[in-house]
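**Q** Mind looking over this structure? Questions follow.
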Amino acid sequence: IMLAAAQKLGAGLSTFGLAGAGVGIGFIFGSLILGTARNPSLKDDMFRYAILGFALTEAIALFALMIAFLILF
Amino acid sequence: SPLEQFQVLPIVPITFGFIDLSLTNEVVILFLVFFLLGTLLFSLLYKDGTLSLIPNRWQAMLEMIYKAILSLVVDNIRNDTAERFFPLVFSVFFFILSLNVIGLVPYSFTITSHLIVTLAIALSIFIGINIICVRRHGMKFFSLFLPPGTGVAFAFLLVPIEFISYFFKPVSLSIRLFANMMAGHTLLKVIAGFGFVLMGKAGILFFMHYIPLLILIPLFGLELAVALIQAFVFSILICIYLNDAINLH
């Protein structure tokens with residue numbers, strides 16, 4: 001019973017890592033908006049790089065989530 | 001438990017002693033993508049064996065994907081021989097795209113949400129990139145671990161870090177795809193479970209069971225976007241790693 005409780009506690013605590021990833025994704029899309037405001041060559045490169053950066057940052061968030069799942073089960 | 005949708009269930013068990021060749025649900029989806037989507041879709045586009053100059057709609061969609069991946073390969077691998085890697089990147093992109101999107105169908109099975117599948121793809125491409133690099137550059141392959149313009153004292157610190165990050169590449173590539181797919185499907189299952197549980201309760205809770213279903217609709221859209229984006233990011237990262245391997249920094 002202690003193990004199950006500790007597992008749930010650990011899984012809940014390890015979702016703190018998603019905060020940094022949230023900041024990172026917001027930063028990427030914020031800079032996309034700023035960059036588009038400066039130079040609206042949007043559909044060519046900037047949006048593609050923004051999606052690439054989003055996916056890479058999301059990967060870090062999901063690394064943290066995977067550790068949560070590993071602890072939980 | 002929301003993780004039990006990822007179980008590989010044998011449909012037709014075929015075991016030779018300890019070798020397990022059984023027909024599982026994972027194998028069914030894999031065969032579906034490999035034979036049906038790969039060959040039938042491409043053969044549906046042709047009018048009696050040839051592509052028409054003014055494309056019909058399926059051909060236009062395929063041409064869009066073709067052009068996107070071609071620009072990806074040619075822009076990222078800055079070399080004259082870049083186009084010979086186009087079939088590899090295109091097949092990987094189309095394969096992962098179809099596997100991801102097939103997993104969105106309600107009772108279906110996402111095989112890229114298993115680490116072994118994505119690790120197999122990423123590791124084989126990583127080994128292939130190593131072989132390409134060694135064949136092209138011989139012993140200069142080890143200059144991959146030393147970024148240009150660093151002093152000697154700095155190099156002692158930097159080379160182990162580069163070494164570790166080099167071997168982290170296929171791991172991160174596979175875990176990114178695996179974690180995105182698995183987390184997405186688990187989220188969908190958890191919210192659907194909320195709706196299911198709410199439907200069984202009495203009173204006002206019964207009428208609130210629409211709320212999880214309404215939340216599920218944009219989440220499903222997000223899942224579709226993530227499926228497309230993850231396939232795209234996988235292939236663009238393969239192009240970047242190929243660029244690193246072919247032009248040593």
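Lettering and numbering for the structure tokens are positional, with chains as A, B, ... in the shown order, residues counted from 1 in each chain, and ligands counted from 1 in the shown order.
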Write out as CSV a residue-level contact list of chain B versus chain A with cut-off 7 Å: for each qualifying residue the closest pair of atoms and the distance in Å to one decimal, counting only C-alpha atoms, rows sorted by chain and residue number upward.
**A**
```
residue,atom,partner,partner_atom,distance
B:Arg176,CA,A:Ala59,CA,4.9
B:Ala179,CA,A:Leu62,CA,5.7
B:Asn180,CA,A:Leu62,CA,6.6
B:Gln230,CA,A:Ala55,CA,6.9
B:Val233,CA,A:Leu52,CA,6.0
```
**Q** Just all heavy atoms for this one: save the residues we selected as a short mmCIF file (atom, residue, chain, number, x, y, z; two decimals), in the first residue's frame.
**A**
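Final output, again_6.cif:
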```cif
data_model
loop_
_atom_site.label_atom_id
_atom_site.label_comp_id
_atom_site.auth_asym_id
_atom_site.auth_seq_id
_atom_site.Cartn_x
_atom_site.Cartn_y
_atom_site.Cartn_z
N ARG B 176 10.68 10.73 -28.72
CA ARG B 176 9.77 11.84 -29.04
C ARG B 176 8.50 11.33 -29.69
O ARG B 176 7.39 11.64 -29.26
CB ARG B 176 10.49 12.80 -29.97
CG ARG B 176 9.66 13.95 -30.42
CD ARG B 176 10.48 14.86 -31.29
NE ARG B 176 11.67 15.30 -30.59
CZ ARG B 176 12.91 15.05 -30.98
NH1 ARG B 176 13.11 14.35 -32.06
NH2 ARG B 176 13.93 15.48 -30.30
N ALA B 179 6.52 8.97 -27.16
CA ALA B 179 5.87 9.63 -26.05
C ALA B 179 4.71 10.48 -26.51
O ALA B 179 3.67 10.53 -25.85
CB ALA B 179 6.89 10.50 -25.30
N ASN B 180 4.86 11.14 -27.67
CA ASN B 180 3.75 11.93 -28.19
C ASN B 180 2.55 11.07 -28.48
O ASN B 180 1.43 11.40 -28.09
CB ASN B 180 4.18 12.64 -29.47
CG ASN B 180 4.64 14.04 -29.20
OD1 ASN B 180 3.89 14.83 -28.65
ND2 ASN B 180 5.86 14.33 -29.54
N GLN B 230 4.44 15.20 -35.81
CA GLN B 230 5.49 14.27 -35.37
C GLN B 230 6.11 13.55 -36.54
O GLN B 230 7.32 13.33 -36.56
CB GLN B 230 4.95 13.27 -34.36
CG GLN B 230 4.73 13.88 -33.01
CD GLN B 230 5.96 14.57 -32.50
OE1 GLN B 230 7.05 14.04 -32.56
NE2 GLN B 230 5.77 15.78 -32.01
N VAL B 233 8.37 16.12 -38.14
CA VAL B 233 9.57 16.42 -37.37
C VAL B 233 10.55 15.27 -37.42
O VAL B 233 11.77 15.47 -37.49
CB VAL B 233 9.18 16.75 -35.92
CG1 VAL B 233 10.37 16.68 -35.00
CG2 VAL B 233 8.60 18.12 -35.86
#
```
**Q** Of the residues A:Ile71, A:Gln7, A:Ile1, A:Phe47, which is the one nearest to Ile28 in chain A, using only C-alpha atoms?
**A**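 Using only C-alpha atoms, Ile28 in chain A sits closest to A:Phe47.
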**Q** Skip His185 in chain B itself and residues of its chain fewer than 5 positions away, then list as a ChimeraX atom specification all residues within 12 Å of it, counting only C-alpha atoms.
**A** /B:2-6,100-101,103-114,178-180,190-192,216,219-220,222-224,226-227
**Q** Could the residues in this selection be saved with N, CA and C atoms as a short mmCIF file (atom, residue, chain, number, x, y, z; two decimals), in the first residue's frame?
**A**
```
data_model
loop_
_atom_site.label_atom_id
_atom_site.label_comp_id
_atom_site.auth_asym_id
_atom_site.auth_seq_id
_atom_site.Cartn_x
_atom_site.Cartn_y
_atom_site.Cartn_z
N PRO B 2 -5.95 3.39 -18.12
CA PRO B 2 -5.86 3.95 -19.48
C PRO B 2 -4.69 3.44 -20.28
N LEU B 3 -3.79 2.68 -19.69
CA LEU B 3 -2.65 2.22 -20.47
C LEU B 3 -2.90 0.86 -21.09
N GLU B 4 -4.06 0.26 -20.83
CA GLU B 4 -4.20 -1.08 -21.35
C GLU B 4 -4.70 -1.11 -22.78
N GLN B 5 -4.87 0.07 -23.40
CA GLN B 5 -5.18 0.06 -24.82
C GLN B 5 -3.95 -0.24 -25.65
N PHE B 6 -2.76 -0.21 -25.04
CA PHE B 6 -1.55 -0.43 -25.80
C PHE B 6 -1.10 -1.86 -25.78
N ASN B 100 0.62 6.84 -37.75
CA ASN B 100 0.04 7.73 -36.76
C ASN B 100 -1.43 7.98 -37.00
N VAL B 101 -1.77 8.22 -38.28
CA VAL B 101 -3.15 8.61 -38.57
C VAL B 101 -4.09 7.41 -38.44
N GLY B 103 -3.81 5.16 -36.27
CA GLY B 103 -4.07 4.97 -34.86
C GLY B 103 -5.17 5.85 -34.31
N LEU B 104 -5.59 6.85 -35.09
CA LEU B 104 -6.64 7.74 -34.60
C LEU B 104 -8.03 7.16 -34.79
N VAL B 105 -8.17 6.20 -35.67
CA VAL B 105 -9.46 5.56 -35.91
C VAL B 105 -9.88 4.88 -34.61
N PRO B 106 -11.15 5.01 -34.17
CA PRO B 106 -11.50 4.64 -32.80
C PRO B 106 -11.11 3.29 -32.26
N TYR B 107 -11.35 2.21 -32.91
CA TYR B 107 -10.97 0.95 -32.26
C TYR B 107 -9.66 0.42 -32.80
N SER B 108 -8.84 1.30 -33.34
CA SER B 108 -7.64 0.82 -33.99
C SER B 108 -6.47 0.80 -33.02
N PHE B 109 -5.32 0.52 -33.53
CA PHE B 109 -4.15 0.28 -32.69
C PHE B 109 -2.99 1.11 -33.24
N THR B 110 -2.40 1.96 -32.41
CA THR B 110 -1.29 2.81 -32.88
C THR B 110 0.01 2.09 -32.63
N ILE B 111 0.64 1.60 -33.69
CA ILE B 111 1.84 0.83 -33.38
C ILE B 111 3.05 1.72 -33.14
N THR B 112 2.99 3.01 -33.54
CA THR B 112 4.12 3.86 -33.18
C THR B 112 4.06 4.29 -31.74
N SER B 113 3.04 3.89 -31.00
CA SER B 113 3.03 4.19 -29.58
C SER B 113 3.72 3.10 -28.79
N HIS B 114 4.47 2.26 -29.47
CA HIS B 114 5.31 1.28 -28.79
C HIS B 114 6.74 1.66 -29.03
N PHE B 178 7.34 8.19 -29.76
CA PHE B 178 6.65 7.25 -28.90
C PHE B 178 5.87 7.98 -27.80
N ALA B 179 6.52 8.97 -27.16
CA ALA B 179 5.87 9.63 -26.05
C ALA B 179 4.71 10.48 -26.51
N ASN B 180 4.86 11.14 -27.67
CA ASN B 180 3.75 11.93 -28.19
C ASN B 180 2.55 11.07 -28.48
N VAL B 190 -8.35 8.76 -21.06
CA VAL B 190 -8.71 9.21 -19.71
C VAL B 190 -9.95 10.08 -19.75
N ILE B 191 -10.00 11.00 -20.72
CA ILE B 191 -11.16 11.89 -20.77
C ILE B 191 -12.42 11.14 -21.21
N ALA B 192 -12.23 10.18 -22.11
CA ALA B 192 -13.39 9.37 -22.48
C ALA B 192 -13.86 8.55 -21.30
N LEU B 216 -13.46 16.37 -25.81
CA LEU B 216 -12.76 15.36 -26.61
C LEU B 216 -12.61 15.79 -28.06
N LEU B 219 -9.60 17.96 -28.60
CA LEU B 219 -8.44 17.12 -28.29
C LEU B 219 -8.14 16.16 -29.42
N PHE B 220 -9.20 15.70 -30.10
CA PHE B 220 -8.98 14.81 -31.22
C PHE B 220 -8.31 15.55 -32.37
N LEU B 222 -6.33 18.05 -31.94
CA LEU B 222 -4.94 18.20 -31.51
C LEU B 222 -4.15 16.93 -31.78
N GLU B 223 -4.80 15.78 -31.54
CA GLU B 223 -4.13 14.52 -31.81
C GLU B 223 -3.80 14.36 -33.27
N LEU B 224 -4.72 14.78 -34.13
CA LEU B 224 -4.46 14.69 -35.58
C LEU B 224 -3.30 15.59 -35.97
N VAL B 226 -0.91 16.57 -33.99
CA VAL B 226 0.32 16.02 -33.44
C VAL B 226 0.81 14.86 -34.28
N ALA B 227 -0.11 14.06 -34.80
CA ALA B 227 0.30 12.95 -35.66
C ALA B 227 1.04 13.45 -36.88
#
```
**Q** Using only C-alpha atoms, which residues sit within 9 Å of Lys8 in chain A once same-chain residues fewer than 5 positions away are excluded, as a list in words?
**A** Leu3, Leu13, Ala68, Ile71 and Leu72 of chain A
**Q** Please, which residues of range 8-230 of chain B, numbered as in this document, come out strand (DSSP E or B) from DSSP, as a list in words?
**A** Pro10, Ile11, Val12, Thr15, Phe16, Ile19, Asp20, Leu23, Thr24, Lys47 and Thr50 of chain B
**Q** Give me, please, the distance in Å between CA of Ile11 in chain B and CA of Ile29 in chain B, quoted to one decimal.
**A**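 Straight-line distance from CA of Ile11 in chain B to CA of Ile29 in chain B works out to 12.2 Å.
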**Q** Using CA of Pro160 in chain B and CA of Leu146 in chain B as the two end points, give the distance in Å to one decimal.
**A**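 Answer for the CA of Pro160 in chain B to CA of Leu146 in chain B separation: 9.5 Å.
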**Q** Could you list, as a ChimeraX atom specification, every residue within 12 Å of Ile131 in chain B, counting only C-alpha atoms and ignoring same-chain residues fewer than 6 positions away?
**A** /B:124-125,137-138,141,242,245-246
**Q** Based on the selection just made, write N, CA and C atoms of those residues as a compact mmCIF listing (two decimals), in the first residue's frame.
**A**
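Heads up, here's the output in out-v5.txt:
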```
# COMPACT_ATOMS: atom_id res chain seq x y z
N SER B 124 17.73 1.95 -36.88
CA SER B 124 18.22 1.50 -38.18
C SER B 124 18.65 2.68 -39.03
N ILE B 125 17.90 3.80 -38.92
CA ILE B 125 18.33 4.98 -39.68
C ILE B 125 19.61 5.54 -39.12
N HIS B 137 33.71 9.64 -45.44
CA HIS B 137 34.80 10.43 -44.90
C HIS B 137 35.88 9.60 -44.25
N GLY B 138 35.75 8.29 -44.21
CA GLY B 138 36.82 7.46 -43.67
C GLY B 138 37.10 7.75 -42.22
N PHE B 141 35.71 10.65 -39.72
CA PHE B 141 34.41 10.53 -39.08
C PHE B 141 34.45 11.08 -37.67
N LEU B 242 21.41 13.74 -41.50
CA LEU B 242 22.13 13.42 -42.73
C LEU B 242 23.04 14.57 -43.13
N ALA B 245 26.03 14.42 -41.08
CA ALA B 245 26.92 13.31 -41.42
C ALA B 245 27.66 13.57 -42.72
N ILE B 246 26.96 14.19 -43.70
CA ILE B 246 27.59 14.34 -45.01
C ILE B 246 28.55 15.52 -45.01
```
**Q** What gap, in Å, lies between CA of Leu99 in chain B and CA of Glu63 in chain B?
**A**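 Computing the Euclidean distance for CA of Leu99 in chain B and CA of Glu63 in chain B yields 20.0 Å.
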**Q** Return as JSON, numbers by chain the full set of residues in chain A whose backbone-based DSSP assignment is alpha helix (DSSP H).
**A** {"A": [2, 3, 4, 5, 6, 7, 8, 9, 10, 11, 12, 13, 17, 18, 19, 20, 21, 22, 23, 24, 25, 26, 27, 28, 29, 30, 31, 32, 33, 34, 35, 36, 37, 38, 47, 48, 49, 50, 51, 52, 53, 54, 55, 56, 57, 58, 59, 60, 61, 62, 63, 64, 65, 66, 67, 68, 69, 70, 71, 72]}
